[in-house]
Each structure stands twice: as C-alpha cells, then as structure tokens.
>>> print(open('coords_39.cif').read())   # mmCIF, C-alpha atoms
data_entry
loop_
_atom_site.label_atom_id
_atom_site.label_comp_id
_atom_site.auth_asym_id
_atom_site.auth_seq_id
_atom_site.Cartn_x
_atom_site.Cartn_y
_atom_site.Cartn_z
CA MET A 12 57.93 -29.14 -5.31
CA LEU A 13 58.29 -25.48 -6.30
CA SER A 14 55.69 -25.94 -9.04
CA ASN A 15 53.21 -27.38 -6.52
CA LYS A 16 53.74 -24.43 -4.18
CA ASN A 17 53.18 -21.95 -7.00
CA ALA A 18 49.98 -23.72 -8.03
CA GLN A 19 48.75 -23.75 -4.42
CA ALA A 20 49.53 -20.03 -4.03
CA ALA A 21 47.69 -19.22 -7.26
CA THR A 22 44.67 -21.24 -6.13
CA GLU A 23 44.58 -19.54 -2.72
CA PHE A 24 44.93 -16.13 -4.35
CA ALA A 25 42.03 -16.87 -6.71
CA ILE A 26 39.85 -17.97 -3.77
CA ILE A 27 40.70 -14.85 -1.75
CA VAL A 28 39.99 -12.56 -4.70
CA SER A 29 36.63 -14.29 -5.26
CA LEU A 30 35.70 -13.82 -1.58
CA VAL A 31 36.70 -10.15 -1.73
CA ILE A 32 34.53 -9.61 -4.82
CA VAL A 33 31.57 -11.32 -3.12
CA ALA A 34 32.06 -9.16 -0.02
CA PHE A 35 32.19 -5.97 -2.09
CA ALA A 36 29.07 -7.01 -4.01
CA PHE A 37 27.22 -7.55 -0.72
CA LEU A 38 28.35 -4.18 0.65
CA ILE A 39 27.33 -2.36 -2.54
CA ASN A 40 23.86 -3.95 -2.58
CA TYR A 41 23.37 -3.30 1.14
CA SER A 42 24.48 0.34 0.78
CA VAL A 43 22.13 0.92 -2.15
CA LYS A 44 19.21 -0.66 -0.27
CA LEU A 45 19.90 1.45 2.83
CA ASN A 46 20.24 4.61 0.74
CA ASN A 47 16.94 3.93 -1.05
CA GLN A 48 15.16 3.34 2.26
CA GLN A 49 16.51 6.53 3.85
CA SER A 50 15.73 8.54 0.74
CA CYS A 51 12.13 7.27 0.75
CA ILE A 52 11.69 8.17 4.44
CA GLN A 53 13.04 11.69 3.97
CA GLN A 54 11.01 12.33 0.81
CA ALA A 55 7.79 11.16 2.48
CA PHE A 56 8.35 13.51 5.42
CA ARG A 57 9.24 16.52 3.25
CA LEU A 58 6.26 15.97 0.97
CA ALA A 59 3.94 15.57 3.98
CA LEU A 60 5.33 18.78 5.47
CA SER A 61 4.80 20.65 2.20
CA GLU A 62 1.21 19.40 1.89
CA ALA A 63 0.46 20.27 5.53
CA ARG A 64 1.75 23.82 5.12
CA GLU A 65 -0.32 24.31 1.97
CA ALA A 66 -3.46 22.90 3.61
CA ASP A 67 -2.79 24.67 6.92
CA ASN A 68 -3.80 21.45 8.61
CA SER A 69 -2.68 17.85 8.95
CA ALA A 70 -1.27 15.88 6.03
CA SER A 71 -0.64 12.18 5.56
CA TYR A 72 1.72 11.09 2.81
CA THR A 73 2.53 7.52 1.81
CA LYS A 74 5.29 6.79 -0.70
CA VAL A 75 6.01 3.35 -2.16
CA VAL A 76 9.02 2.84 -4.40
CA PHE A 77 10.19 -0.10 -6.51
CA ARG A 78 13.79 -0.22 -7.76
CA ARG A 79 15.92 -2.62 -9.78
CA MET A 80 19.14 -3.13 -7.84
CA PRO A 81 22.52 -3.07 -9.64
CA ASN A 82 23.74 -6.51 -10.60
CA VAL A 83 27.37 -6.39 -9.48
CA SER A 84 28.32 -9.90 -10.60
CA SER A 85 26.54 -9.59 -13.99
CA PRO A 86 26.22 -5.88 -14.88
CA MET A 87 24.51 -6.66 -18.20
CA GLU A 88 21.64 -8.48 -16.51
CA LEU A 89 18.74 -7.15 -14.46
CA GLY A 90 19.34 -7.01 -10.73
CA GLN A 91 17.11 -7.87 -7.80
CA LEU A 92 13.81 -6.04 -7.37
CA GLN A 93 13.64 -3.97 -4.18
CA SER A 94 10.57 -2.38 -2.62
CA VAL A 95 10.71 0.36 0.03
CA SER A 96 7.91 2.39 1.55
CA SER A 97 7.37 5.10 4.12
CA SER A 98 4.42 7.02 5.60
CA SER A 99 4.56 10.37 7.33
CA ASN A 100 1.94 12.41 9.20
CA VAL A 101 2.50 16.11 9.83
CA LEU A 102 0.35 18.79 11.49
CA TRP A 103 1.14 22.36 10.45
CA ALA A 104 -1.48 25.01 11.19
CA ASP A 105 -1.34 28.67 12.16
CA GLY A 106 -5.13 28.92 12.55
CA LYS A 107 -5.36 31.87 10.17
CA SER A 108 -6.11 30.17 6.87
CA ARG A 109 -9.76 29.16 6.59
CA ASN A 110 -12.42 28.31 4.02
CA GLU A 111 -14.84 30.93 2.72
CA ASP A 112 -17.36 29.99 5.41
CA GLU A 113 -14.67 30.54 8.07
CA THR A 114 -14.42 26.83 8.85
CA PRO A 115 -10.92 25.35 9.25
CA LYS A 116 -9.44 23.77 6.16
CA ASP A 117 -9.50 20.00 5.87
CA GLY A 118 -6.41 17.87 6.16
CA VAL A 119 -5.09 15.99 3.15
CA SER A 120 -4.02 12.43 2.50
CA LYS A 121 -1.90 11.41 -0.48
CA TYR A 122 -0.44 8.21 -1.91
CA GLN A 123 2.47 8.06 -4.37
CA LEU A 124 3.78 5.01 -6.20
CA ASN A 125 7.22 5.29 -7.78
CA GLU A 126 7.77 8.40 -9.92
CA ALA A 127 4.08 9.02 -10.75
CA GLU A 128 2.06 11.96 -9.50
CA ALA A 129 0.59 11.47 -6.03
CA ILE A 130 -3.14 10.79 -5.85
CA ASP A 131 -5.54 12.33 -3.34
CA ILE A 132 -7.11 9.89 -0.93
CA PRO A 133 -10.60 11.03 0.13
CA LYS A 134 -11.61 10.75 3.74
CA PRO A 135 -13.67 7.61 4.41
CA GLU A 136 -17.36 8.23 4.85
CA TYR A 137 -17.45 5.80 7.76
CA GLU A 138 -15.42 5.10 10.85
CA TYR A 139 -14.22 1.72 11.93
CA LEU A 140 -15.76 0.43 15.11
CA GLU A 141 -13.60 -0.67 17.98
CA GLY A 142 -12.27 -4.15 17.32
CA GLN A 143 -13.18 -4.01 13.63
CA THR A 144 -10.36 -4.99 11.27
CA LYS A 145 -9.56 -2.93 8.17
CA VAL A 146 -8.48 -5.31 5.40
CA SER A 147 -5.95 -4.12 2.81
CA MET A 148 -5.34 -6.24 -0.30
CA ASN A 149 -2.42 -4.98 -2.37
CA THR A 150 -1.08 -6.87 -5.39
CA PHE A 151 2.07 -6.15 -7.40
CA THR A 152 2.90 -8.17 -10.53
CA ASN A 153 6.00 -7.83 -12.70
CA THR A 154 6.20 -8.92 -16.34
CA VAL A 155 9.85 -9.01 -17.43
CA ASP A 156 11.34 -9.39 -20.91
CA SER A 157 15.14 -9.16 -21.11
CA THR A 158 17.37 -9.65 -24.17
CA THR A 159 21.17 -9.47 -24.42
CA THR A 160 22.74 -9.06 -27.86
CA PHE A 161 26.32 -8.96 -29.18
CA THR A 162 27.26 -6.67 -32.07
CA LYS A 163 30.55 -7.19 -33.92
CA GLN A 164 32.01 -4.37 -36.03
CA GLU A 165 35.15 -4.49 -38.18
CA SER A 166 36.81 -1.33 -39.46
CA ALA A 167 38.65 -0.91 -42.78
CA SER A 168 41.97 -1.16 -40.93
CA GLY A 169 41.02 -4.55 -39.55
CA ASP A 170 40.18 -3.50 -35.98
CA ILE A 171 37.35 -5.52 -34.51
CA THR A 172 35.11 -4.26 -31.73
CA THR A 173 32.32 -6.14 -30.02
CA ALA A 174 29.53 -4.47 -28.04
CA LYS A 175 27.21 -6.14 -25.57
CA THR A 176 23.75 -4.59 -25.25
CA LEU A 177 21.00 -5.23 -22.73
CA ASN A 178 17.43 -4.33 -23.68
CA ALA A 179 14.90 -4.99 -20.94
CA THR A 180 11.26 -4.20 -20.27
CA ASP A 181 9.51 -4.69 -16.96
CA THR A 182 5.85 -3.81 -16.51
CA LEU A 183 4.71 -3.40 -12.93
CA SER A 184 0.95 -3.89 -12.61
CA ALA A 185 -0.39 -2.93 -9.20
CA SER A 186 -3.73 -2.81 -7.46
CA VAL A 187 -3.63 -0.94 -4.16
CA ASP A 188 -6.51 -1.03 -1.69
CA ILE A 189 -6.85 2.16 0.34
CA ASP A 190 -9.78 2.47 2.73
CA GLY A 191 -11.79 -0.04 0.72
CA THR A 192 -11.15 1.57 -2.68
CA ALA A 193 -8.93 -0.17 -5.26
CA TYR A 194 -6.50 2.02 -7.21
CA PRO A 195 -4.91 0.47 -10.33
CA PHE A 196 -1.40 1.36 -11.52
CA GLU A 197 0.78 0.32 -14.44
CA HIS A 198 4.41 1.41 -14.35
CA TYR A 199 7.42 0.66 -16.55
CA LEU A 200 11.10 0.13 -15.80
CA GLY A 201 13.30 2.92 -17.13
CA ALA A 202 16.54 4.78 -16.53
CA ASN A 203 18.46 4.23 -13.28
CA GLY A 204 16.32 1.23 -12.40
CA LYS A 205 13.30 3.41 -11.60
CA TYR A 206 9.66 2.81 -12.57
CA TYR A 207 7.62 5.43 -14.42
CA ASP A 208 3.95 5.77 -15.36
CA GLN A 209 4.93 6.39 -19.01
CA SER A 210 5.86 3.51 -21.33
CA THR A 211 9.64 3.15 -21.37
CA SER A 212 12.40 0.53 -21.26
CA LEU A 213 15.90 0.01 -19.91
CA SER A 214 18.86 -0.13 -22.31
CA ARG A 215 22.51 -0.60 -21.41
CA SER A 216 25.54 -1.18 -23.62
CA ARG A 217 29.30 -1.64 -23.16
CA SER A 218 32.31 -2.54 -25.27
CA MET A 219 33.80 -6.02 -24.85
CA GLU A 220 37.34 -4.98 -25.89
#
>>> encode(input="coords_39.cif", output="structure tokens")
Amino acid sequence: MLSNKNAQAATEFAIIVSLVIVAFAFLINYSVKLNNQQSCIQQAFRLALSEAREADNSASYTKVVFRRMPNVSSPMELGQLQSVSSSSNVLWADGKSRNEDETPKDGVSKYQLNEAEAIDIPKPEYEYLEGQTKVSMNTFTNTVDSTTTFTKQESASGDITTAKTLNATDTLSASVDIDGTAYPFEHYLGANGKYYDQSTSLSRSRSME
C-alpha cells in the first residue's frame, strides 16, 4: 500500500512539474513576443521623428522585423519564426529650413526590413482616385538548413566530455510591393535570432556533462 502511494505521489509530482515547465515556456515566449512588438513600435516612432527633424517636414517610417524565438523546450533547435511591424508618421517643421529656391523641403518616406539600412520610398507620381484600391503583394520565403552534431572528447586522465552544437542557416527572401514598385531583399539568420543583409549563420554549442 505504501509503495502504491509513493508511486502515485511521484507520478503526480512529475505531472505538476511538466505543467509548470509548459506554463513557464508559454510565459517566456509571450514576453519575448510582446517585448519585440513594443521595441519595434518605439524604434519606428523614434526613427520617424529623427527623419522628420532632419527634413523639417513630415516623415513616414515603416519597420518590419523577423525574429527566431527561443526554443524553451529544445534550446538546441530553432524556435518559431515571429514577424512584427510598425509604421509611424511624424510632422516636425519650424518653417525656417527651406530649399535653395525658398520652397519648403519635401517630406520623406522610408522602409526598413530587419537590420538592413532603410530605403527611401519616392513619392508616387499619381494619386489614387476615390474608391480605387491600392494592391500590395508582399512575399516572404524562408529556406532553412539546420544540423545538430555531438562531439566527444577524452582527456589523458580519462575524463570524457560531450558537446552538442547547433549550426543553422535561414535565408529570408522577400519581395515587398510599395506603391506599385517591387523591392527585393535577401536576409540571413544570425546572432540573437536576428536577420541581417550580410551572409551569416547561427551557431550554438553547450556541454552535455
């Protein structure tokens, strides 16, 4: 009877611990997602404000960010792909800064994808008529290659250490339509789960002792 009670208590404890781990994993992922979203919103506003002050006019800034989330249950595997975006419009003008012909300076519009430099978006040469729909076709494609390897090392004294290494590449190919013009991008997964416009990869290693 005592043995059955001990086995039942051990089973219940294992179930509770598993539920706690799942709950913590959910909270960590949710916190990271929320932090990334808030960071993107604040960065878009600050960058729009900076551009508006420099142009002495209005500025529109759109920032789109892709991130690889941490994999709490399997740290040595790639986590879920998250996408956040934010747009901000700011008007900052003192009326004193003008072009050489004394005309007011033009506003600016910029688009930034991940950690690459922002690109200037020219003003459209046409205006949309009332009731006319502006179509935007954006495509994002990921090509992932992930390999996990184990390395065993034995010292002269007989100590054995095993290391687990994750080597992963993820190429993000994007085509973004802005005001009827397609802009191609090719970014690569790198440190901290971020994507860069330079060829790079993600590597992670830990001891299995």
>>> closest_residue(input="coords_39.cif", among="A:Thr182, A:Ser157, A:Asn82, A:Ser50", to="Ser96 of chain A", atoms="all atoms listed in the file")
A:Ser50
>>> atom_distance(input="coords_39.cif", atom1="atom CA of Gln53 of chain A", atom2="atom CA of Val76 of chain A")
12.8 Å
>>> atom_distance(input="coords_39.cif", atom1="atom CA of Ser61 of chain A", atom2="atom CA of Val43 of chain A")
26.6 Å
>>> resolve_selection(input="coords_39.cif", expression="the PyMOL selection byres ((chain A and resi 56) around 10)", output="VMD selection string")
chain A and resid 51 to 55 57 to 62 70 to 74 97 to 101
>>> residues_around(input="coords_39.cif", residues="segment 170-180 of chain A", least_positions_apart="3", cutoff="9 Å", atoms="all atoms listed in the file", output="number ranges by chain")
A: 87-89, 154-167, 199-201, 211-220
>>> resolve_selection(input="coords_39.cif", expression="the PyMOL selection byres ((chain A and resi 83) around 12)", output="list in words")
Ile32, Val33, Ala34, Phe35, Ala36, Phe37, Leu38, Ile39, Asn40, Tyr41, Val43, Met80, Pro81, Asn82, Ser84, Ser85, Pro86, Met87, Glu88, Leu89, Gly90 and Gln91 of chain A
>>> closest_residue(input="coords_39.cif", among="A:Ser69, A:Ser94, A:Ser120, A:Asn125", to="Ile189 of chain A", atoms="all atoms listed in the file")
A:Ser120
>>> atom_distance(input="coords_39.cif", atom1="atom CA of Arg78 of chain A", atom2="atom CA of Leu45 of chain A")
12.3 Å
>>> resolve_selection(input="coords_39.cif", expression="the PyMOL selection byres ((chain A and resi 103) around 6)", output="ChimeraX atom specification")
/A:63-64,67-68,102,104
>>> closest_residue(input="coords_39.cif", among="A:Ala129, A:Val187, A:Ala25, A:Leu124", to="Tyr206 of chain A", atoms="all atoms listed in the file")
A:Leu124
>>> closest_residue(input="coords_39.cif", among="A:Asn153, A:Ser210, A:Gln93, A:Asn203", to="Leu183 of chain A", atoms="only C-alpha atoms")
A:Asn153
>>> closest_residue(input="coords_39.cif", among="A:Gln209, A:Ser29, A:Asn46, A:Thr192", to="Met148 of chain A", atoms="all atoms listed in the file")
A:Thr192
>>> closest_residue(input="coords_39.cif", among="A:Ala66, A:Tyr122, A:Asn47, A:Phe151", to="Arg79 of chain A", atoms="only C-alpha atoms")
A:Asn47
